[in-house]
>>> print(open('target00.txt').read())   # compact mmCIF, C-alpha atoms
# COMPACT_ATOMS: atom_id res chain seq x y z
CA MET A 1 -48.78 -48.97 103.01
CA THR A 2 -48.61 -52.74 102.74
CA ALA A 3 -49.41 -52.95 106.44
CA LEU A 4 -52.56 -50.90 105.86
CA MET A 5 -53.55 -53.22 103.03
CA ILE A 6 -53.11 -56.19 105.37
CA ILE A 7 -55.49 -54.64 107.92
CA ASN A 8 -58.25 -54.48 105.34
CA MET A 9 -57.63 -57.81 103.62
CA ARG A 10 -60.27 -60.47 104.24
CA ASN A 11 -58.74 -63.42 102.42
CA ILE A 12 -56.09 -65.15 104.54
CA LEU A 13 -53.98 -66.27 101.57
CA SER A 14 -53.59 -62.68 100.38
CA VAL A 15 -52.74 -61.62 103.93
CA ILE A 16 -49.89 -64.13 103.98
CA MET A 17 -48.58 -63.06 100.57
CA LEU A 18 -48.75 -59.40 101.57
CA GLY A 19 -46.85 -60.31 104.74
CA GLY A 20 -44.03 -61.60 102.52
CA ILE A 21 -44.08 -58.45 100.40
CA TYR A 22 -44.02 -56.36 103.57
CA SER A 23 -40.90 -58.21 104.76
CA LEU A 24 -39.19 -57.61 101.42
CA ILE A 25 -40.00 -53.90 101.56
CA SER A 26 -38.62 -53.65 105.09
CA ALA A 27 -35.45 -55.40 103.83
CA ILE A 28 -35.09 -52.65 101.21
CA LEU A 29 -35.58 -50.11 103.98
CA PHE A 30 -32.73 -51.74 105.94
CA VAL A 31 -30.41 -51.38 102.91
CA VAL A 32 -31.29 -47.69 102.78
CA LEU A 33 -30.44 -47.42 106.49
CA ASP A 34 -26.95 -48.97 105.87
CA ALA A 35 -27.79 -52.28 107.57
CA VAL A 36 -26.92 -54.64 104.70
CA ASP A 37 -26.46 -57.74 106.88
CA VAL A 38 -29.83 -57.20 108.51
CA ALA A 39 -31.38 -56.74 105.06
CA PHE A 40 -29.96 -60.09 103.89
CA THR A 41 -31.36 -61.83 106.92
CA GLU A 42 -34.74 -60.14 106.69
CA ALA A 43 -35.08 -60.98 102.98
CA ALA A 44 -34.06 -64.62 103.51
CA VAL A 45 -35.75 -65.30 106.84
CA GLY A 46 -38.64 -62.83 106.96
CA ALA A 47 -39.71 -62.87 103.33
CA GLY A 48 -38.54 -66.41 102.52
CA ILE A 49 -38.71 -68.94 105.33
CA SER A 50 -41.46 -67.18 107.26
CA THR A 51 -43.78 -67.06 104.22
CA VAL A 52 -43.10 -70.72 103.47
CA LEU A 53 -43.92 -71.66 107.08
CA PHE A 54 -47.14 -69.63 106.98
CA LEU A 55 -48.17 -71.22 103.69
CA SER A 56 -47.48 -74.76 104.87
CA ALA A 57 -49.39 -74.21 108.12
CA PHE A 58 -52.17 -72.69 106.01
CA ALA A 59 -52.19 -75.77 103.79
CA ILE A 60 -52.30 -78.13 106.80
CA THR A 61 -55.23 -76.38 108.44
CA GLY A 62 -57.31 -76.92 105.30
CA LYS A 63 -60.72 -75.29 105.05
CA HIS A 64 -61.00 -71.55 105.51
CA HIS A 65 -63.62 -68.91 105.52
CA ASP A 66 -63.00 -65.30 104.80
CA LEU A 67 -62.86 -63.03 107.80
CA LYS A 68 -65.81 -61.36 109.45
CA ARG A 69 -66.17 -57.79 110.56
CA ARG A 70 -66.84 -56.94 114.16
CA ASN A 71 -66.89 -53.94 116.41
CA HIS A 72 -63.34 -52.63 116.48
CA PHE A 73 -63.70 -49.34 118.27
CA PRO A 74 -62.04 -50.48 121.57
CA ALA A 75 -59.03 -51.86 119.69
CA LEU A 76 -58.70 -48.65 117.69
CA LEU A 77 -58.86 -46.60 120.88
CA ALA A 78 -56.19 -48.68 122.62
CA VAL A 79 -53.89 -48.48 119.58
CA LEU A 80 -54.36 -44.72 119.22
CA VAL A 81 -53.57 -44.15 122.91
CA MET A 82 -50.41 -46.26 122.61
CA GLY A 83 -49.39 -44.52 119.39
CA ALA A 84 -49.87 -41.07 120.90
CA GLY A 85 -47.77 -42.05 123.92
CA LEU A 86 -44.97 -43.38 121.73
CA MET A 87 -45.07 -40.31 119.47
CA TYR A 88 -44.76 -38.12 122.56
CA SER A 89 -41.79 -40.13 123.81
CA THR A 90 -39.97 -39.81 120.48
CA LEU A 91 -39.74 -36.07 121.13
CA ASP A 92 -36.94 -36.89 123.59
CA MET A 93 -35.02 -38.96 121.05
CA PRO A 94 -31.82 -37.59 119.49
CA ALA A 95 -32.22 -36.35 115.94
CA TRP A 96 -32.19 -39.08 113.32
CA GLY A 97 -28.71 -39.59 111.84
CA ASP A 98 -27.01 -37.47 114.50
CA ALA A 99 -23.43 -38.74 114.90
CA GLU A 100 -23.27 -37.37 118.45
CA ALA A 101 -26.22 -39.43 119.70
CA PRO A 102 -25.58 -41.47 122.88
CA VAL A 103 -25.96 -44.72 120.90
CA HIS A 104 -22.72 -43.98 119.07
CA GLN A 105 -20.65 -43.08 122.13
CA HIS A 106 -20.37 -46.27 124.19
CA VAL A 107 -18.75 -49.38 122.66
CA ALA A 108 -19.43 -48.70 119.00
CA PRO A 109 -16.31 -46.52 118.37
CA ARG A 110 -14.13 -49.30 119.71
CA TYR A 111 -15.72 -51.82 117.36
CA LEU A 112 -15.24 -49.44 114.45
CA GLU A 113 -11.61 -48.61 115.23
CA ASP A 114 -10.10 -51.79 116.69
CA SER A 115 -12.15 -54.72 115.42
CA TYR A 116 -10.15 -55.13 112.20
CA ALA A 117 -6.89 -55.36 114.13
CA GLU A 118 -8.36 -57.61 116.82
CA VAL A 119 -10.56 -59.96 114.81
CA GLY A 120 -9.35 -59.50 111.24
CA VAL A 121 -12.72 -59.46 109.49
CA PRO A 122 -13.49 -56.34 107.42
CA ASN A 123 -17.24 -56.67 108.03
CA ILE A 124 -17.67 -55.19 111.51
CA VAL A 125 -21.13 -56.68 112.00
CA THR A 126 -19.69 -60.16 111.51
CA SER A 127 -16.81 -59.61 113.89
CA VAL A 128 -19.07 -58.20 116.61
CA LEU A 129 -21.61 -60.99 116.16
CA ALA A 130 -19.14 -63.84 116.20
CA SER A 131 -16.46 -62.48 118.52
CA TYR A 132 -17.38 -59.64 120.88
CA ARG A 133 -20.97 -60.72 121.38
CA GLY A 134 -20.47 -64.44 120.84
CA PHE A 135 -22.48 -65.29 123.92
CA ASP A 136 -25.51 -63.54 122.43
CA THR A 137 -25.22 -65.78 119.42
CA LEU A 138 -24.98 -68.81 121.70
CA GLY A 139 -28.19 -67.65 123.39
CA GLU A 140 -29.80 -67.19 119.99
CA VAL A 141 -28.93 -70.75 119.01
CA THR A 142 -30.41 -71.93 122.31
CA VAL A 143 -33.68 -70.11 121.54
CA VAL A 144 -33.85 -71.61 118.05
CA PHE A 145 -33.15 -75.08 119.49
CA THR A 146 -35.89 -74.65 122.11
CA ALA A 147 -38.31 -73.50 119.42
CA LEU A 148 -37.43 -76.55 117.32
CA ILE A 149 -38.14 -78.85 120.28
CA ALA A 150 -41.46 -77.07 120.93
CA VAL A 151 -42.56 -77.39 117.30
CA LEU A 152 -41.57 -81.05 117.17
CA LEU A 153 -43.46 -81.75 120.41
CA LEU A 154 -46.61 -79.97 119.19
CA LEU A 155 -46.66 -81.47 115.71
CA GLY A 156 -45.36 -84.87 116.80
CA ALA A 157 -48.31 -85.16 119.20
CA ILE A 158 -50.69 -84.66 116.27
CA ARG A 159 -49.07 -87.52 114.40
CA GLU A 160 -49.54 -89.81 117.41
CA ASP A 161 -53.23 -88.90 117.55
CA GLU A 162 -53.57 -89.95 113.94
CA ASP A 163 -51.85 -93.24 114.64
CA GLN A 164 -54.26 -94.04 117.44
CA SER A 165 -57.44 -93.18 115.58
CA MET B 1 -39.26 -25.37 114.30
CA ILE B 2 -41.96 -27.88 113.43
CA SER B 3 -40.37 -28.83 110.11
CA ALA B 4 -37.02 -29.33 111.87
CA LEU B 5 -38.77 -31.60 114.35
CA ILE B 6 -40.36 -33.63 111.56
CA ASN B 7 -37.02 -33.88 109.75
CA ASP B 8 -35.29 -35.09 112.93
CA LEU B 9 -37.83 -37.64 114.05
CA TYR B 10 -39.84 -38.95 111.09
CA ALA B 11 -37.90 -42.23 110.94
CA TYR B 12 -39.06 -43.03 114.46
CA TRP B 13 -42.62 -42.02 113.64
CA ILE B 14 -42.71 -44.47 110.74
CA SER B 15 -41.86 -47.29 113.11
CA VAL B 16 -44.47 -46.08 115.61
CA LEU B 17 -47.12 -46.09 112.85
CA LEU B 18 -46.13 -49.62 111.80
CA MET B 19 -46.28 -50.69 115.43
CA MET B 20 -49.80 -49.26 115.72
CA ALA B 21 -50.88 -51.13 112.59
CA GLY B 22 -49.40 -54.39 113.90
CA LEU B 23 -50.98 -54.05 117.34
CA TYR B 24 -54.33 -53.19 115.77
CA ILE B 25 -54.23 -56.38 113.70
CA VAL B 26 -53.28 -58.46 116.74
CA ILE B 27 -56.11 -57.06 118.88
CA ASP B 28 -58.85 -56.66 116.32
CA HIS B 29 -58.73 -59.66 114.01
CA SER B 30 -59.94 -62.99 115.24
CA ASN B 31 -58.22 -65.19 112.65
CA LEU B 32 -55.07 -66.65 114.21
CA PHE B 33 -53.02 -66.52 110.99
CA LYS B 34 -53.76 -62.86 110.63
CA LYS B 35 -52.84 -62.28 114.25
CA LEU B 36 -49.43 -63.84 113.61
CA VAL B 37 -48.86 -61.66 110.52
CA GLY B 38 -49.77 -58.67 112.70
CA LEU B 39 -47.27 -59.82 115.31
CA ASN B 40 -44.60 -59.98 112.59
CA ILE B 41 -45.39 -56.41 111.54
CA PHE B 42 -45.13 -55.34 115.17
CA GLN B 43 -41.70 -56.99 115.47
CA THR B 44 -40.43 -55.47 112.24
CA SER B 45 -41.45 -52.02 113.46
CA VAL B 46 -39.17 -52.49 116.47
CA PHE B 47 -36.36 -53.64 114.15
CA ILE B 48 -36.79 -50.51 112.04
CA MET B 49 -36.65 -48.37 115.18
CA PHE B 50 -33.32 -49.93 116.24
CA ILE B 51 -31.75 -49.74 112.78
CA ALA B 52 -32.87 -46.12 112.44
CA MET B 53 -31.08 -45.32 115.72
CA GLY B 54 -27.86 -46.83 114.33
CA LYS B 55 -27.89 -44.66 111.21
CA VAL B 56 -25.30 -41.89 110.98
CA ASP B 57 -25.66 -39.08 108.44
CA GLY B 58 -23.24 -39.62 105.56
CA GLY B 59 -22.20 -43.00 106.91
CA THR B 60 -21.88 -46.21 104.94
CA ALA B 61 -22.51 -49.84 105.85
CA PRO B 62 -20.04 -50.89 108.59
CA ILE B 63 -17.58 -52.76 106.35
CA ILE B 64 -13.99 -51.58 106.50
CA GLU B 65 -12.81 -50.52 103.07
CA LYS B 66 -10.27 -47.98 101.89
CA GLY B 67 -11.71 -44.54 101.30
CA TYR B 68 -14.55 -44.75 103.83
CA THR B 69 -14.22 -43.29 107.29
CA VAL B 70 -17.79 -42.73 108.47
CA PHE B 71 -19.76 -45.85 109.29
CA SER B 72 -23.19 -46.48 110.73
CA ASN B 73 -23.26 -48.01 114.18
CA PRO B 74 -22.80 -51.81 113.84
CA LEU B 75 -24.14 -52.65 117.30
CA PRO B 76 -27.90 -52.29 116.56
CA HIS B 77 -27.37 -54.32 113.38
CA VAL B 78 -25.94 -57.20 115.40
CA LEU B 79 -28.76 -57.07 117.94
CA ILE B 80 -31.44 -57.00 115.26
CA LEU B 81 -29.77 -59.83 113.34
CA THR B 82 -30.22 -61.94 116.45
CA ALA B 83 -33.77 -60.66 116.93
CA ILE B 84 -34.82 -61.60 113.38
CA VAL B 85 -33.68 -65.18 113.88
CA VAL B 86 -35.49 -65.34 117.23
CA SER B 87 -38.62 -63.89 115.61
CA ILE B 88 -38.72 -66.68 113.03
CA ALA B 89 -38.36 -69.20 115.87
CA THR B 90 -41.30 -67.71 117.80
CA THR B 91 -43.38 -67.48 114.62
CA SER B 92 -42.82 -71.15 113.89
CA VAL B 93 -43.88 -72.12 117.42
CA GLY B 94 -46.97 -69.93 117.00
CA LEU B 95 -47.83 -71.61 113.72
CA ALA B 96 -47.37 -75.04 115.29
CA LEU B 97 -49.83 -73.98 118.01
CA VAL B 98 -52.30 -72.81 115.36
CA VAL B 99 -52.05 -76.17 113.61
CA LYS B 100 -52.66 -77.91 116.93
CA ILE B 101 -55.63 -75.64 117.75
CA ASN B 102 -57.10 -76.32 114.32
CA LYS B 103 -56.72 -80.04 114.96
CA HIS B 104 -58.69 -79.75 118.19
CA TYR B 105 -61.43 -77.25 117.24
CA GLN B 106 -61.50 -77.56 113.43
CA SER B 107 -61.19 -73.80 113.25
CA VAL B 108 -58.54 -71.08 113.24
CA ASP B 109 -60.97 -68.32 114.14
CA GLU B 110 -60.99 -67.08 117.72
CA GLN B 111 -64.71 -66.25 117.82
CA GLU B 112 -65.71 -69.67 116.48
CA ILE B 113 -63.42 -71.33 119.02
CA GLU B 114 -65.11 -69.33 121.77
CA LYS B 115 -68.53 -70.54 120.59
CA ILE B 116 -67.34 -74.15 120.58
CA GLU B 117 -65.93 -73.70 124.09
CA LEU B 118 -69.26 -72.32 125.36
CA GLN B 119 -71.18 -75.21 123.87
CA GLU B 120 -69.02 -77.80 125.60
>>> encode(input="target00.txt", output="structure tokens")
Amino acid sequence: MTALMIINMRNILSVIMLGGIYSLISAILFVVLDAVDVAFTEAAVGAGISTVLFLSAFAITGKHHDLKRRNHFPALLAVLVMGAGLMYSTLDMPAWGDAEAPVHQHVAPRYLEDSYAEVGVPNIVTSVLASYRGFDTLGEVTVVFTALIAVLLLLGAIREDEDQS
Amino acid sequence: MISALINDLYAYWISVLLMMAGLYIVIDHSNLFKKLVGLNIFQTSVFIMFIAMGKVDGGTAPIIEKGYTVFSNPLPHVLILTAIVVSIATTSVGLALVVKINKHYQSVDEQEIEKIELQE
């Protein structure tokens, strides 16, 4: 629903605020789907930090006009075709909540049964994140570091321009 | 038959609908801020798809505690935790680019930028 509101919103500030609300609602949805750790992260990062970043970038860019309408039939067509294709492909998915689905057969049972003995942390998500899939987390830190460098390069260049002029 | 199908798959359909909304915003709107919000919606739809796959009927959050034996699958949660952090990193780079573009063209609107490009 919030997403639909965002499509129709003209004012950029309200789009950003609705983006934050949308993140918060999806965090609630993650709690309902048993993913409490993901919900924490989404509420803090998605609804919190992300909105702050958007607002500060919005403040830096200064003057704004409201959005204009244009012909959006081609976009609508492309999106509908993609949506129909994805809907069709979900017909092959296992039923939602099915404990016998292939997702639950591979390494997940081992995490559930042995991780407490092997790692000693009751929260399985934490033990998988920090121990079994530690390299993923290393990669994640690398990505964040690269992004930090990119942002500093982009914004630092602006500051140099100002110094010269 | 049909109602069983809806009951089995509606969680995936929600994420497909959100994905359509996000893609539509990215394609159709020329304001760069709005495009980034659309991109965020698109990403979140993928997150919801993954988390929905990890859900087990009657399961609880995967935290070991006496009295609970059925847990949801922790693996998608871990993957999506990583993906959320990466998504904020990409969003911040995108916003930095928008700030830079605004510095150069004095505009964050794609159509206006195109006009300025044609004039030059």
>>> closest_residue(input="target00.txt", among="A:Thr41, A:Thr90, A:Ser56, A:Thr142", to="A:Ala27", atoms="only C-alpha atoms")
A:Thr41
>>> atom_distance(input="target00.txt", atom1="atom CA of B:Met53", atom2="atom CA of A:Trp96")
6.8 Å
>>> closest_residue(input="target00.txt", among="B:Val70, B:Ile14, B:Ile116, B:Val78", to="chain A", atoms="all atoms listed in the file")
B:Val78
>>> closest_residue(input="target00.txt", among="B:Ile63, B:Ile84, B:Leu36, B:Ile6", to="A:Glu42", atoms="all atoms listed in the file")
B:Ile84
>>> closest_residue(input="target00.txt", among="B:Val85, B:Leu97, B:Leu18, B:Leu75", to="A:Phe145", atoms="only C-alpha atoms")
B:Val85
>>> closest_residue(input="target00.txt", among="B:Lys115, B:Lys35, B:His104, B:Lys55", to="chain A", atoms="all atoms listed in the file")
B:Lys55
>>> residues_near_point(input="target00.txt", point="(-48.2, -50.9, 113.8)", cutoff="10 Å", atoms="only C-alpha atoms", output="VMD selection string")
(chain A and resid 3 to 4 79 83) or (chain B and resid 14 to 26 38 to 46)
>>> closest_residue(input="target00.txt", among="B:Glu120, B:Asp109, B:Asp57, B:Glu114", to="chain A", atoms="all atoms listed in the file")
B:Asp57
>>> atom_distance(input="target00.txt", atom1="atom CA of A:Phe58", atom2="atom CA of A:Pro74")
28.9 Å
>>> interface_residues(input="target00.txt", of="chain B", to="chain A", cutoff="7 Å", atoms="all atoms listed in the file", output="PyMOL selection string")
chain B and resi 8-9+11-13+16+20-21+23-25+27-28+34+37+51-53+55-57+60-64+72-75+77-78+80-82+84+86+88-90+92-93+95-97+99-100+102
>>> atom_distance(input="target00.txt", atom1="atom CA of B:Asn31", atom2="atom CA of A:Val52")
18.5 Å
